[in-house]
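Dropping coords-v4.txt in here (compact mmCIF, C-alpha atoms):
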# COMPACT_ATOMS: atom_id res chain seq x y z
CA MET A 1 13.32 -19.64 -1.98
CA LYS A 2 10.62 -18.38 0.35
CA ASN A 3 7.80 -20.81 1.05
CA PRO A 4 4.56 -19.12 -0.10
CA PHE A 5 2.51 -21.40 2.20
CA ARG A 6 4.38 -20.56 5.40
CA THR A 7 1.30 -19.06 7.05
CA GLU A 8 -2.36 -18.78 6.14
CA ALA A 9 -1.93 -15.05 5.46
CA GLU A 10 0.97 -15.68 3.06
CA ALA A 11 -0.96 -18.49 1.36
CA PHE A 12 -3.91 -16.11 0.94
CA SER A 13 -1.64 -13.50 -0.67
CA PHE A 14 -0.30 -16.23 -2.95
CA VAL A 15 -3.87 -17.07 -4.04
CA ILE A 16 -4.41 -13.41 -5.00
CA VAL A 17 -1.08 -13.18 -6.88
CA THR A 18 -1.81 -16.46 -8.70
CA GLY A 19 -5.33 -15.30 -9.57
CA VAL A 20 -4.06 -12.04 -11.07
CA LEU A 21 -1.22 -13.77 -12.91
CA PHE A 22 -3.42 -16.42 -14.47
CA ALA A 23 -6.17 -13.90 -15.33
CA ALA A 24 -3.56 -11.98 -17.30
CA VAL A 25 -2.41 -15.23 -18.94
CA ALA A 26 -6.01 -16.10 -19.86
CA VAL A 27 -6.61 -12.63 -21.37
CA ALA A 28 -3.35 -12.90 -23.35
CA GLY A 29 -4.38 -16.34 -24.62
CA TRP A 30 -7.82 -15.04 -25.57
CA LEU A 31 -6.46 -11.98 -27.40
CA GLY A 32 -3.48 -13.71 -28.99
CA ASN A 33 -2.63 -17.40 -28.98
CA GLY A 34 -0.93 -20.00 -26.78
CA TRP A 35 2.54 -18.54 -27.34
CA THR A 36 1.37 -15.08 -26.31
CA ALA A 37 -0.08 -16.59 -23.14
CA LEU A 38 3.20 -18.40 -22.44
CA ALA A 39 5.19 -15.19 -22.97
CA VAL A 40 2.91 -13.29 -20.59
CA PHE A 41 3.15 -16.10 -18.05
CA LEU A 42 6.96 -16.09 -18.16
CA ALA A 43 7.25 -12.30 -18.10
CA LEU A 44 4.80 -11.78 -15.23
CA GLY A 45 5.99 -14.85 -13.33
CA LEU A 46 9.63 -13.72 -13.48
CA GLY A 47 8.58 -10.15 -12.66
CA ALA A 48 6.63 -11.28 -9.61
CA TRP A 49 9.49 -13.47 -8.46
CA ALA A 50 12.04 -10.64 -8.93
CA GLY A 51 9.72 -8.25 -7.09
CA ILE A 52 9.42 -10.55 -4.11
CA TYR A 53 13.19 -11.15 -4.15
CA MET A 54 14.00 -7.42 -4.31
CA LYS A 55 11.47 -6.62 -1.59
CA SER A 56 12.77 -9.17 0.88
CA GLU A 57 15.10 -7.52 3.32
CA PRO A 58 18.34 -9.15 4.37
CA LYS A 59 18.03 -11.06 7.62
CA VAL A 60 19.20 -8.88 10.48
CA ARG A 61 20.47 -10.72 13.51
CA GLU A 62 19.65 -9.41 16.91
CA PRO A 63 22.77 -8.45 18.82
CA ALA A 64 23.65 -10.88 21.56
CA VAL A 65 22.83 -9.41 24.94
CA TRP A 66 23.76 -11.04 28.18
CA GLU A 67 24.17 -10.11 31.77
CA ARG A 68 27.69 -9.24 32.76
CA ARG A 69 28.13 -9.18 36.47
CA PRO A 70 31.02 -9.59 38.83
CA HIS A 71 31.66 -13.27 39.48
CA GLY A 72 33.51 -12.82 42.77
CA GLY A 73 36.85 -12.61 40.99
CA ARG A 74 36.28 -15.88 39.18
CA LYS A 75 37.14 -16.09 35.53
CA ARG A 76 34.41 -17.48 33.27
CA ILE A 77 35.49 -19.41 30.24
CA LEU A 78 33.04 -20.66 27.63
CA VAL A 79 34.30 -23.54 25.49
CA VAL A 80 32.52 -24.53 22.29
CA ALA A 81 33.57 -27.77 20.67
CA ASN A 82 32.00 -30.92 19.37
CA GLU A 83 34.03 -33.66 17.77
CA THR A 84 37.19 -32.07 19.13
CA VAL A 85 35.79 -31.63 22.62
CA ALA A 86 38.01 -34.29 24.17
CA GLY A 87 41.14 -33.29 22.19
CA ARG A 88 44.43 -32.92 24.00
CA ALA A 89 45.17 -29.48 22.53
CA LEU A 90 41.85 -28.13 23.75
CA ARG A 91 42.33 -29.50 27.24
CA ASP A 92 45.82 -27.95 27.39
CA GLU A 93 44.42 -24.59 26.26
CA ILE A 94 41.66 -24.65 28.88
CA ARG A 95 44.12 -25.61 31.60
CA HIS A 96 46.50 -22.85 30.47
CA ARG A 97 43.78 -20.20 30.51
CA ALA A 98 42.38 -21.31 33.84
CA ARG A 99 45.81 -21.38 35.47
CA GLY A 100 46.36 -18.78 38.19
CA HIS A 101 42.65 -17.97 38.41
CA GLN A 102 39.65 -19.38 40.08
CA ALA A 103 37.82 -20.27 36.91
CA ASP A 104 34.35 -21.49 35.98
CA VAL A 105 34.41 -23.40 32.73
CA LEU A 106 31.29 -24.16 30.70
CA VAL A 107 31.80 -26.61 27.85
CA VAL A 108 29.09 -26.47 25.18
CA ALA A 109 28.90 -29.26 22.63
CA PRO A 110 26.59 -28.36 19.72
CA ALA A 111 24.47 -31.33 18.70
CA LEU A 112 25.57 -31.57 15.07
CA ASN A 113 22.90 -33.02 12.84
CA SER A 114 22.06 -33.50 9.19
CA GLN A 115 19.90 -30.81 7.60
CA LEU A 116 16.99 -33.21 7.02
CA ARG A 117 17.05 -34.47 10.61
CA TYR A 118 17.30 -30.86 11.81
CA TRP A 119 14.15 -29.82 9.97
CA ALA A 120 12.34 -32.93 11.13
CA SER A 121 13.43 -32.20 14.72
CA ASP A 122 14.95 -35.67 14.83
CA GLU A 123 17.92 -34.76 16.97
CA ASP A 124 17.94 -37.31 19.77
CA GLY A 125 20.79 -39.27 18.15
CA ALA A 126 22.87 -36.13 17.62
CA ARG A 127 22.34 -35.06 21.21
CA ALA A 128 23.27 -38.49 22.52
CA GLN A 129 26.52 -38.46 20.54
CA ALA A 130 27.32 -34.92 21.71
CA GLN A 131 26.59 -35.97 25.30
CA ARG A 132 29.04 -38.90 25.06
CA ARG A 133 31.83 -36.62 23.82
CA LEU A 134 30.99 -34.03 26.44
CA ASP A 135 31.12 -36.61 29.25
CA ALA A 136 34.56 -37.75 28.09
CA SER A 137 35.77 -34.16 27.95
CA LEU A 138 34.46 -33.28 31.40
CA ALA A 139 36.05 -36.39 32.87
CA ALA A 140 39.38 -35.42 31.30
CA LEU A 141 39.12 -31.85 32.59
CA THR A 142 38.36 -33.15 36.08
CA GLU A 143 41.56 -35.22 35.86
CA ASP A 144 43.37 -31.97 34.98
CA ALA A 145 41.86 -30.35 38.12
CA VAL A 146 39.74 -27.94 36.09
CA GLU A 147 36.31 -27.23 37.47
CA ALA A 148 33.95 -27.54 34.50
CA ARG A 149 30.37 -28.28 33.65
CA GLY A 150 28.86 -29.09 30.30
CA GLU A 151 25.78 -28.49 28.16
CA ILE A 152 24.48 -29.68 24.84
CA GLY A 153 23.89 -26.73 22.53
CA ASP A 154 22.13 -25.81 19.31
CA SER A 155 23.52 -27.46 16.18
CA ASP A 156 24.48 -23.98 14.92
CA PRO A 157 27.66 -23.14 16.89
CA LEU A 158 26.95 -19.38 16.84
CA GLN A 159 23.46 -19.96 18.17
CA ALA A 160 24.92 -22.30 20.80
CA VAL A 161 27.31 -19.54 21.93
CA GLU A 162 24.50 -17.01 22.06
CA ASP A 163 22.28 -19.35 24.05
CA ALA A 164 25.08 -20.08 26.51
CA LEU A 165 25.96 -16.41 26.95
CA ARG A 166 22.45 -15.63 28.10
CA THR A 167 22.97 -17.66 31.25
CA PHE A 168 26.77 -17.72 31.49
CA GLY A 169 28.35 -14.25 31.14
CA ALA A 170 31.70 -15.41 29.79
CA ASP A 171 34.91 -13.38 30.04
CA GLU A 172 36.37 -15.27 27.13
CA ILE A 173 35.37 -17.91 24.63
CA ILE A 174 37.37 -20.78 23.23
CA ILE A 175 36.17 -22.32 20.00
CA SER A 176 37.77 -25.59 19.01
CA THR A 177 37.78 -26.94 15.46
CA HIS A 178 39.42 -29.55 13.28
CA PRO A 179 42.39 -28.32 11.19
CA PRO A 180 41.68 -26.23 8.07
CA GLY A 181 40.51 -28.40 5.19
CA ARG A 182 38.77 -30.84 7.52
CA SER A 183 36.66 -28.43 9.52
CA ASN A 184 33.11 -27.68 8.50
CA TRP A 185 32.99 -24.79 10.97
CA LEU A 186 36.11 -23.16 9.46
CA GLU A 187 34.60 -23.56 6.00
CA LYS A 188 31.55 -21.65 7.24
CA ASP A 189 33.85 -19.00 8.76
CA VAL A 190 32.43 -19.57 12.22
CA ILE A 191 35.41 -18.00 14.05
CA ALA A 192 35.27 -14.73 12.11
CA LEU A 193 31.49 -14.57 12.41
CA ALA A 194 31.68 -15.21 16.16
CA ARG A 195 34.29 -12.42 16.59
CA GLU A 196 31.99 -10.11 14.64
CA ARG A 197 28.94 -11.00 16.66
CA PHE A 198 30.16 -11.34 20.24
CA ASP A 199 32.01 -8.64 22.13
CA VAL A 200 34.25 -11.06 24.05
CA PRO A 201 37.82 -12.21 23.39
CA ILE A 202 37.60 -15.36 21.30
CA ALA A 203 40.42 -17.88 21.05
CA HIS A 204 40.57 -20.47 18.31
CA VAL A 205 42.11 -23.85 19.07
CA VAL A 206 42.86 -26.35 16.33
CA VAL A 207 42.66 -29.97 17.41
CA ASP A 208 44.12 -32.57 15.08
CA LEU A 209 42.55 -35.77 16.38
CA GLU A 210 44.37 -37.96 13.85
CA GLN A 211 47.75 -36.61 14.90
CA GLU A 212 46.87 -37.04 18.57
CA ALA A 213 45.75 -40.62 17.94
CA SER A 214 48.95 -41.52 16.08
CA ALA A 215 51.04 -39.83 18.81
CA ALA A 216 49.15 -41.84 21.42
CA ARG A 217 49.83 -45.09 19.50
CA ARG A 218 53.55 -44.28 19.28
CA GLY A 219 53.86 -43.16 22.87
CA MET B 1 -2.22 -53.22 61.20
CA SER B 2 -3.30 -50.72 58.75
CA THR B 3 -1.68 -49.82 55.54
CA VAL B 4 -1.68 -46.41 54.05
CA ALA B 5 -1.74 -46.18 50.35
CA HIS B 6 -0.18 -43.17 48.75
CA ALA B 7 0.01 -42.26 45.15
CA GLU B 8 3.40 -41.49 43.72
CA GLU B 9 3.76 -38.92 41.06
CA HIS B 10 4.74 -40.70 37.89
CA PRO B 11 5.32 -38.76 34.71
CA ARG B 12 2.68 -39.73 32.16
CA GLY B 13 3.61 -40.36 28.57
CA PRO B 14 7.01 -40.00 26.93
CA PRO B 15 9.41 -37.23 27.92
CA PRO B 16 9.15 -34.01 25.91
CA ALA B 17 10.92 -34.46 22.58
CA HIS B 18 13.95 -32.38 21.74
CA GLN B 19 13.02 -29.97 18.98
CA SER B 20 15.69 -28.30 16.90
CA SER B 21 13.55 -26.98 14.08
CA ARG B 22 12.05 -23.52 14.57
CA VAL B 23 9.01 -24.68 12.61
CA ASP B 24 6.16 -26.30 14.51
CA ALA B 25 6.00 -30.01 13.67
CA ARG B 26 2.38 -29.71 12.53
CA LEU B 27 3.19 -26.85 10.17
CA LEU B 28 6.19 -28.80 8.90
CA GLY B 29 3.83 -31.71 8.23
CA ILE B 30 1.54 -29.58 6.06
CA TYR B 31 4.59 -28.20 4.17
CA PHE B 32 5.76 -31.72 3.34
CA PHE B 33 2.20 -32.70 2.44
CA ILE B 34 1.80 -29.73 0.09
CA GLY B 35 5.18 -30.56 -1.45
CA SER B 36 3.98 -34.09 -2.20
CA GLU B 37 0.68 -32.71 -3.53
CA ILE B 38 2.52 -30.40 -5.93
CA MET B 39 4.36 -33.45 -7.26
CA LEU B 40 1.07 -35.35 -7.61
CA PHE B 41 -0.60 -32.52 -9.51
CA GLY B 42 2.61 -32.14 -11.53
CA SER B 43 2.32 -35.74 -12.73
CA PHE B 44 -1.32 -35.19 -13.79
CA PHE B 45 -0.39 -31.97 -15.59
CA SER B 46 2.43 -33.82 -17.35
CA ALA B 47 -0.08 -36.38 -18.63
CA TYR B 48 -2.44 -33.59 -19.67
CA PHE B 49 0.19 -31.63 -21.61
CA PHE B 50 1.50 -34.84 -23.19
CA ALA B 51 -1.99 -35.64 -24.45
CA ARG B 52 -2.57 -32.09 -25.60
CA VAL B 53 0.77 -31.38 -27.26
CA VAL B 54 1.88 -34.82 -28.48
CA VAL B 55 -1.28 -36.90 -28.95
CA ALA B 56 -3.70 -34.29 -30.32
CA PRO B 57 -1.73 -31.19 -31.30
CA ASP B 58 -4.13 -29.95 -34.01
CA LYS B 59 -7.36 -29.27 -32.22
CA TRP B 60 -7.97 -29.06 -28.46
CA PRO B 61 -10.51 -29.98 -27.27
CA PRO B 62 -10.95 -32.47 -30.12
CA GLU B 63 -14.20 -32.33 -32.08
CA PRO B 64 -17.00 -32.65 -31.11
CA PHE B 65 -16.23 -32.00 -27.44
CA LYS B 66 -16.82 -28.63 -25.81
CA LEU B 67 -15.98 -27.48 -22.31
CA PRO B 68 -18.42 -25.44 -20.16
CA VAL B 69 -16.07 -22.50 -19.72
CA TYR B 70 -18.60 -20.15 -18.10
CA VAL B 71 -19.88 -22.68 -15.57
CA ALA B 72 -16.29 -23.36 -14.60
CA LEU B 73 -15.66 -19.60 -14.38
CA LEU B 74 -18.56 -19.35 -11.94
CA ASN B 75 -16.96 -22.15 -9.94
CA THR B 76 -13.64 -20.30 -10.01
CA ILE B 77 -15.27 -17.19 -8.59
CA ILE B 78 -16.95 -19.31 -5.89
CA LEU B 79 -13.67 -20.90 -4.88
CA LEU B 80 -11.75 -17.61 -4.93
CA THR B 81 -14.42 -16.08 -2.70
CA SER B 82 -13.99 -18.98 -0.29
CA SER B 83 -10.33 -17.98 0.11
CA PHE B 84 -11.46 -14.56 1.31
CA THR B 85 -13.90 -16.05 3.81
CA MET B 86 -11.21 -18.45 5.05
CA HIS B 87 -8.84 -15.55 5.57
CA TRP B 88 -11.59 -13.65 7.38
CA ALA B 89 -12.15 -16.63 9.69
CA LEU B 90 -8.50 -16.75 10.72
CA GLN B 91 -8.19 -12.99 11.12
CA SER B 92 -11.29 -13.13 13.34
CA ILE B 93 -9.89 -15.69 15.76
CA LYS B 94 -6.62 -13.74 15.89
CA ARG B 95 -8.73 -10.85 17.22
CA ASN B 96 -10.65 -13.19 19.53
CA ASN B 97 -13.83 -12.71 17.47
CA ARG B 98 -15.51 -16.10 17.71
CA PRO B 99 -18.67 -15.26 15.71
CA GLY B 100 -16.37 -14.10 12.89
CA LEU B 101 -14.43 -17.37 13.07
CA ILE B 102 -17.59 -19.48 12.98
CA GLY B 103 -19.17 -17.36 10.23
CA GLY B 104 -16.00 -17.42 8.12
CA LEU B 105 -15.59 -21.18 8.43
CA ALA B 106 -19.29 -21.84 7.75
CA LEU B 107 -19.25 -19.65 4.64
CA THR B 108 -16.04 -21.24 3.40
CA PHE B 109 -17.55 -24.67 3.91
CA LEU B 110 -20.76 -23.71 2.06
CA LEU B 111 -18.85 -22.15 -0.83
CA GLY B 112 -16.63 -25.25 -1.11
CA LEU B 113 -19.69 -27.49 -1.03
CA THR B 114 -21.33 -25.38 -3.75
CA PHE B 115 -18.20 -25.72 -5.87
CA LEU B 116 -18.29 -29.49 -5.50
CA LEU B 117 -22.01 -29.72 -6.31
CA VAL B 118 -21.61 -27.50 -9.38
CA GLN B 119 -18.73 -29.69 -10.52
CA ALA B 120 -20.82 -32.85 -10.01
CA ARG B 121 -23.64 -31.26 -12.00
CA GLU B 122 -21.15 -30.31 -14.73
CA TYR B 123 -19.91 -33.90 -14.92
CA THR B 124 -23.44 -35.23 -15.49
CA ARG B 125 -24.15 -32.80 -18.35
CA ILE B 126 -20.80 -32.44 -20.02
CA GLY B 127 -21.53 -34.99 -22.75
CA PHE B 128 -18.38 -37.09 -22.56
CA GLY B 129 -16.77 -39.46 -20.11
CA PRO B 130 -13.33 -40.47 -18.86
CA ARG B 131 -13.16 -43.17 -21.56
CA ASP B 132 -13.56 -40.71 -24.42
CA LEU B 133 -10.05 -40.35 -25.82
CA ALA B 134 -7.00 -39.09 -23.92
CA PHE B 135 -8.86 -35.78 -23.75
CA GLY B 136 -11.65 -37.20 -21.59
CA THR B 137 -9.25 -39.15 -19.41
CA THR B 138 -6.97 -36.21 -18.67
CA PHE B 139 -9.90 -33.82 -18.19
CA PHE B 140 -11.62 -36.04 -15.64
CA GLY B 141 -8.27 -37.01 -14.13
CA LEU B 142 -7.23 -33.41 -13.43
CA THR B 143 -10.58 -31.97 -12.42
CA GLY B 144 -11.48 -35.12 -10.47
CA LEU B 145 -8.16 -35.01 -8.59
CA HIS B 146 -8.88 -31.41 -7.71
CA GLY B 147 -12.44 -32.26 -6.68
CA ALA B 148 -11.10 -34.95 -4.36
CA HIS B 149 -8.88 -32.32 -2.74
CA VAL B 150 -11.85 -30.02 -2.27
CA PHE B 151 -13.67 -32.93 -0.59
CA VAL B 152 -10.73 -33.47 1.79
CA GLY B 153 -10.63 -29.71 2.46
CA LEU B 154 -14.36 -29.71 3.25
CA ASN B 155 -13.82 -32.43 5.85
CA LEU B 156 -11.04 -30.39 7.46
CA LEU B 157 -13.22 -27.28 7.42
CA LEU B 158 -16.17 -29.12 8.93
CA TYR B 159 -13.92 -30.46 11.69
CA ALA B 160 -12.59 -26.96 12.39
CA LEU B 161 -16.10 -25.53 12.28
CA ILE B 162 -17.45 -28.03 14.81
CA ARG B 163 -14.49 -27.39 17.09
CA SER B 164 -14.95 -23.63 16.81
CA ILE B 165 -18.67 -23.94 17.67
CA ARG B 166 -17.66 -25.98 20.72
CA GLY B 167 -15.43 -23.14 21.90
CA HIS B 168 -12.02 -24.40 20.80
CA TYR B 169 -9.23 -22.17 19.41
CA GLY B 170 -7.95 -18.86 20.71
CA PRO B 171 -6.08 -15.76 19.60
CA ASN B 172 -2.58 -17.06 20.47
CA ALA B 173 -0.65 -18.53 17.55
CA HIS B 174 -0.49 -22.03 19.05
CA ASP B 175 -4.17 -21.99 19.92
CA HIS B 176 -5.47 -21.58 16.37
CA LEU B 177 -3.15 -23.88 14.44
CA GLY B 178 -6.20 -26.08 13.92
CA VAL B 179 -7.65 -23.29 11.75
CA GLU B 180 -4.39 -22.09 10.24
CA ILE B 181 -3.41 -25.48 8.82
CA PRO B 182 -6.74 -26.20 7.08
CA GLY B 183 -6.52 -22.58 5.83
CA ILE B 184 -3.12 -23.18 4.25
CA TYR B 185 -4.47 -26.37 2.65
CA TRP B 186 -7.59 -24.59 1.39
CA HIS B 187 -5.54 -21.80 -0.23
CA PHE B 188 -3.34 -24.43 -1.85
CA VAL B 189 -6.46 -26.09 -3.30
CA ASP B 190 -7.53 -22.67 -4.61
CA VAL B 191 -4.18 -22.02 -6.25
CA MET B 192 -4.34 -25.43 -7.92
CA TRP B 193 -7.83 -24.70 -9.22
CA ILE B 194 -6.71 -21.40 -10.76
CA VAL B 195 -3.97 -23.31 -12.61
CA VAL B 196 -6.34 -26.14 -13.58
CA TYR B 197 -9.04 -23.75 -14.79
CA THR B 198 -6.68 -21.61 -16.85
CA THR B 199 -4.91 -24.53 -18.52
CA VAL B 200 -7.87 -26.89 -19.00
CA TYR B 201 -10.78 -24.54 -19.72
CA VAL B 202 -9.30 -21.29 -21.00
CA LEU B 203 -6.11 -21.91 -22.96
Please render this file's structure as structure tokens.
Amino acid sequence: MKNPFRTEAEAFSFVIVTGVLFAAVAVAGWLGNGWTALAVFLALGLGAWAGIYMKSEPKVREPAVWERRPHGGRKRILVVANETVAGRALRDEIRHRARGHQADVLVVAPALNSQLRYWASDEDGARAQAQRRLDASLAALTEDAVEARGEIGDSDPLQAVEDALRTFGADEIIISTHPPGRSNWLEKDVIALARERFDVPIAHVVVDLEQEASAARRG
Amino acid sequence: MSTVAHAEEHPRGPPPAHQSSRVDARLLGIYFFIGSEIMLFGSFFSAYFFARVVVAPDKWPPEPFKLPVYVALLNTIILLTSSFTMHWALQSIKRNNRPGLIGGLALTFLLGLTFLLVQAREYTRIGFGPRDLAFGTTFFGLTGLHGAHVFVGLNLLLYALIRSIRGHYGPNAHDHLGVEIPGIYWHFVDVMWIVVYTTVYVL
């Protein structure tokens, strides 16, 4: 529901709407009785709410625009991953895609946060956790002889991709998630939304951290 | 041997905080505050309706009490007018019109002060007190709570007015938050009065 006190102008409009609504309620109560006033209050209140709801236009996202320029023959790969950022499957995929090219790899780890902490801008903890995972991932990629750098991104993965694309004109994007059923991003249909929004080939890598951990224990 | 002192540049204060929310922290603060205020007024309204519907369902206000409906209506008009002057003040600073800002804030302050004085006058002549039945308690509780909010709003307005006279605030959004936030609060106080007036005095 839209906050009627978002700005002073909206709060002022809300005062006017409330004044008109309650004037009508008062007149109804004066002409009839308490039940008439209640009926008028409900009818006008619901009407006003429906009017505001019908009037509000769906949110239109701005198309992502970024600078595409020749990178001296170097391939640019944007990797978006958080909890799976140090997963074996993701590292293999990056290495595979970078093979045979001179590649620049940018790994973006969105700082995942709870909704309450997000609204309160309390995201230092989330960023610190994302930074730890990112450091581990970059160290592993360096071991694999892949030249990569990393950034912490917005907690919304699509926003993180868009932010990264503004400074890093990627030729392809790799988005890494947990397996279906365990992935919050898959539940929110992030891959399909990203393919809809960004005009770049997007690969989806599933990283099963539990399976990798048990394989590591066995091996 | 001489020594040369040189000052090193040290960053002052904490590093800039990471901010995920698209809402300015100060605006977010007033949203949370208004949310808590709605709950506070809600609890007072609950007590009022309980007293009115459960305790004394036959006759409200109970005999022999009468409420000064027309004086309160005058106060309602005063407070509603103050919302217009508040809005004018903010629109003025958005257009870099400082006299408009100062005039709007001064008028809003005066109208709010008039409201409070009329309410105080009403209290002294109303003929009953907070100890007179649940009716008196809930009446003074609700209108007094609202009056306290008007008093807080007046302090915020006075602060903004003094700052505007001293040349603070500007047309950019971040430069007039100090007017915008008291404005949001003032409109909230107005909305609450409309609800209080209709339920307590009219219905």
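Interatomic distance, CA of Ala203 in chain A to CA of Ile191 in chain A: 8.6 Å.
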Completion exercise
Between B:Phe139, B:Leu74, B:Gly104, B:Leu40, smallest distance to Thr199 in chain B by all atoms listed in the file belongs to B:Phe139
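Distance annotation: of A:Asn82, A:Ser121, A:Gln115, A:Ser13, the residue with the minimal separation from chain B is A:Ser121; atom set is all atoms listed in the file.
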Practice task
For Phe109 in chain B, list every protein, DNA or RNA residue within 7 Å, evaluated using all atoms listed in the file, and leave out those in the same chain fewer than 4 positions away; present the list as number ranges by chain.
Solution key: B: 105, 113, 154, 157-158
Completion exercise
From the list A:Phe12, A:Phe198, A:Phe41, A:Trp119, the nearest residue to Phe84 in chain B using all atoms listed in the file is A:Phe12
Practice task
Figure out the distance between CA of Arg76 in chain A and CA of Val105 in chain A, please, to one decimal in Å.
Solution key: 5.9 Å
Problem - chain B contacts on chain A, only C-alpha atoms, 9 Å, as number ranges by chain - result: A: 3, 5-12, 14-16, 18-19, 22-23, 25-26, 29-30, 33-34, 37, 117-124, 127, 154-155
Practice task
Between CA of Phe65 in chain B and CA of Asp132 in chain B, measure the distance and give it in Å to one decimal.
Solution key: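 These atoms are spaced 9.6 Å apart.
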Exercise for the section: Compile the contact shell of His204 in chain A as a ChimeraX atom specification: residues with an atom at most 7 Å away, counting all atoms listed in the file, same-chain residues fewer than 4 positions apart removed. Expected result: /A:174-176
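The closest residue to Leu90 in chain A, picked from A:Ala216, A:Leu21, A:Leu186, A:Leu141 and counting only C-alpha atoms, is A:Leu141.
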Problem - Residues within 7 Å of (30.6, -16.4, 32.0), counting all atoms listed in the file, listed as a list in words - result: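 The requested residues, written out, are Arg76, Ile77, Leu78, Leu165, Phe168, Gly169, Ala170 and Asp171 of chain A.
Using only C-alpha atoms for every distance, the candidate list B:Leu142, B:Leu161, B:Ser82, B:Tyr169 yields B:Leu142 as the residue closest to Gly42 in chain B.
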Practice task
Skip range 48-61 of chain B itself and residues of its chain fewer than 2 positions away, then list as a list in words all residues within 6 Å of it, counting all atoms listed in the file.
Solution key: Phe45, Ser46 and Thr138 of chain B
Problem - Among listed residues A:Leu112, A:Ala28, A:Glu196, A:Glu172, nearest Arg97 in chain A (using only C-alpha atoms) - result: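 Checking each candidate against Arg97 in chain A, we get A:Glu172 as the closest.
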